[in-house]
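Data file: coords_11.cif. Format and content: mmCIF, C-alpha atoms.
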data_start
#
loop_
_atom_site.group_PDB
_atom_site.id
_atom_site.type_symbol
_atom_site.label_atom_id
_atom_site.label_comp_id
_atom_site.auth_asym_id
_atom_site.auth_seq_id
_atom_site.Cartn_x
_atom_site.Cartn_y
_atom_site.Cartn_z
ATOM 1 C CA MET A 1 156.709 12.981 89.595
ATOM 2 C CA VAL A 2 157.082 10.582 92.508
ATOM 3 C CA GLU A 3 160.566 9.959 93.860
ATOM 4 C CA SER A 4 161.660 6.357 93.810
ATOM 5 C CA ASN A 5 163.935 6.841 96.835
ATOM 6 C CA CYS A 6 161.769 6.047 99.874
ATOM 7 C CA SER A 7 164.605 5.329 102.268
ATOM 8 C CA LYS A 8 164.355 8.603 104.201
ATOM 9 C CA CYS A 9 163.481 8.196 107.874
ATOM 10 C CA ILE A 10 161.618 10.607 110.076
ATOM 11 C CA VAL A 11 163.093 10.783 113.558
ATOM 12 C CA ILE A 12 160.901 11.773 116.488
ATOM 13 C CA ASP A 13 163.184 12.390 119.451
ATOM 14 C CA ASP A 14 160.684 13.719 121.977
ATOM 15 C CA MET A 15 158.475 10.632 122.235
ATOM 16 C CA LYS A 16 159.077 7.034 123.289
ATOM 17 C CA ALA A 17 158.362 4.345 120.718
ATOM 18 C CA LEU A 18 155.680 2.776 122.913
ATOM 19 C CA VAL A 19 153.827 6.092 123.194
ATOM 20 C CA PHE A 20 154.113 6.726 119.456
ATOM 21 C CA ARG A 21 152.774 3.256 118.713
ATOM 22 C CA ALA A 22 149.788 3.823 121.018
ATOM 23 C CA MET A 23 149.142 7.234 119.436
ATOM 24 C CA LEU A 24 149.211 5.770 115.923
ATOM 25 C CA HIS A 25 146.883 3.000 117.002
ATOM 26 C CA PHE A 26 144.464 5.604 118.341
ATOM 27 C CA MET A 27 144.671 7.636 115.124
ATOM 28 C CA TYR A 28 143.671 4.615 113.040
ATOM 29 C CA THR A 29 141.180 2.903 115.364
ATOM 30 C CA ASP A 30 139.921 5.610 117.761
ATOM 31 C CA SER A 31 140.930 3.399 120.706
ATOM 32 C CA VAL A 32 144.029 2.714 122.772
ATOM 33 C CA PRO A 33 145.293 -0.874 122.637
ATOM 34 C CA ASP A 34 145.722 -3.054 125.699
ATOM 35 C CA MET A 35 149.199 -2.943 127.186
ATOM 36 C CA ASP A 36 149.836 -6.583 126.183
ATOM 37 C CA ASP A 37 148.942 -5.850 122.558
ATOM 38 C CA LEU A 38 151.039 -2.704 122.620
ATOM 39 C CA VAL A 39 154.302 -4.337 123.661
ATOM 40 C CA SER A 40 153.893 -7.559 121.681
ATOM 41 C CA GLY A 41 154.905 -6.077 118.345
ATOM 42 C CA GLY A 42 158.592 -5.446 118.808
ATOM 43 C CA ASN A 43 161.482 -4.309 120.939
ATOM 44 C CA LEU A 44 159.775 -1.509 122.829
ATOM 45 C CA ASP A 45 160.353 -0.170 126.321
ATOM 46 C CA MET A 46 158.268 -2.585 128.367
ATOM 47 C CA ASN A 47 159.285 -1.031 131.693
ATOM 48 C CA MET A 48 156.822 1.845 131.370
ATOM 49 C CA PRO A 49 153.953 1.648 133.883
ATOM 50 C CA CYS A 50 150.428 2.281 132.612
ATOM 51 C CA THR A 51 150.177 5.587 134.450
ATOM 52 C CA ALA A 52 153.369 6.852 132.801
ATOM 53 C CA LEU A 53 152.135 5.672 129.403
ATOM 54 C CA TYR A 54 148.893 7.617 129.759
ATOM 55 C CA GLN A 55 150.749 10.688 131.013
ATOM 56 C CA HIS A 56 153.037 10.618 127.970
ATOM 57 C CA LEU A 57 150.069 9.935 125.697
ATOM 58 C CA LEU A 58 148.268 12.950 127.164
ATOM 59 C CA VAL A 59 151.263 15.149 126.317
ATOM 60 C CA ALA A 60 151.409 13.722 122.779
ATOM 61 C CA ALA A 61 147.654 14.178 122.333
ATOM 62 C CA HIS A 62 147.959 17.821 123.359
ATOM 63 C CA ARG A 63 150.949 18.383 121.063
ATOM 64 C CA TYR A 64 149.227 16.837 118.033
ATOM 65 C CA ALA A 65 145.708 18.161 118.827
ATOM 66 C CA LEU A 66 144.072 14.745 119.283
ATOM 67 C CA ASP A 67 141.141 15.765 121.464
ATOM 68 C CA GLY A 68 139.638 12.278 121.629
ATOM 69 C CA LEU A 69 142.917 10.851 122.876
ATOM 70 C CA LYS A 70 143.176 13.622 125.469
ATOM 71 C CA ILE A 71 139.741 12.738 126.842
ATOM 72 C CA LEU A 72 140.549 9.030 126.915
ATOM 73 C CA CYS A 73 143.862 9.605 128.713
ATOM 74 C CA VAL A 74 142.283 11.869 131.333
ATOM 75 C CA GLU A 75 139.526 9.309 131.974
ATOM 76 C CA ARG A 76 142.017 6.449 132.377
ATOM 77 C CA LEU A 77 144.323 8.508 134.603
ATOM 78 C CA CYS A 78 141.397 9.563 136.824
ATOM 79 C CA THR A 79 140.335 5.923 137.168
ATOM 80 C CA MET A 80 143.875 4.923 138.126
ATOM 81 C CA ILE A 81 144.119 7.739 140.671
ATOM 82 C CA GLN A 82 140.790 6.712 142.203
ATOM 83 C CA LEU A 83 142.011 3.115 142.527
ATOM 84 C CA ILE A 84 145.254 4.239 144.135
ATOM 85 C CA LEU A 85 143.385 6.441 146.603
ATOM 86 C CA LEU A 86 140.994 3.606 147.431
ATOM 87 C CA CYS A 87 143.918 1.264 148.125
ATOM 88 C CA LEU A 88 145.513 3.883 150.360
ATOM 89 C CA LEU A 89 142.280 4.308 152.294
ATOM 90 C CA LEU A 90 142.026 0.566 152.858
ATOM 91 C CA LEU A 91 145.510 0.379 154.355
#

Let me see the structure of the file written as C-alpha cells.
Amino acid sequence: MVESNCSKCIVIDDMKALVFRAMLHFMYTDSVPDMDDLVSGGNLDMNMPCTALYQHLLVAAHRYALDGLKILCVERLCTMIQLILLCLLLL
C-alpha cells in the first residue's frame, strides 16, 4: 500500500545545491548544463567559480559512482588548468 503522506524531505548536508542540481542534470541527460542554465532555476549559490563547481562535482561523482561524470569533470578541469597555465606563460 502506498503512503499518502509525501511530505518527508531528504536532507543532503555534504553537497551544495548547485552541485546537486548539476549532478541530477547529468544523471538524467548524460551532460552537464552550462553555468547560466544551472543558476537560472532558483536561489542557488551563484558565487561558485566553474573550477570549484567541477571539483565538487568530481567528489560527488566519486561518492555516487558516476563514472561518466568523473571523466567529464576531469576533462573540464584539465582544460581549465591548461588555460590558466597558458595565461601565466603569456604574462

**Q.** Selection result for the PyMOL selection byres ((chain A and resi 54) around 12) on this file, as a ChimeraX atom specification
**A.** /A:18-20,22-23,32-35,48-53,55-61,69-81

Coordinates of box centre and edge lengths for stretch 72-77 of chain A, 8 Å on every side, axis-aligned, as JSON:
{"center_x": 141.9, "center_y": 9.2, "center_z": 130.8, "size_x": 20.8, "size_y": 21.4, "size_z": 23.7}

Q. Of the residues A:His62, A:Asp67, A:Leu89, A:Leu38, which is the one nearest to A:Ala17, using all atoms listed in the file?
A.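 Nearest candidate to A:Ala17 out of A:His62, A:Asp67, A:Leu89, A:Leu38: A:Leu38.
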
Q: Record the distance separating atom CA of A:Leu24 and atom CA of A:Ile10, expressed in Å with one decimal.
A: 14.5 Å

Q) Expressed in Å to a single decimal, how great is the separation between atom CA of A:Cys87 and atom CA of A:Gly68? A)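 Going from atom CA of A:Cys87 over to atom CA of A:Gly68 covers 29.0 Å.
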
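Here atom CA of A:Asp14 and atom CA of A:Tyr28 stand 21.3 Å from one another.
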
**Q.** Selected residue, from A:Leu91, A:Ile84, A:Leu66, A:Met15, that lies nearest to A:Ser31 when counting all atoms listed in the file
**A.** A:Leu66
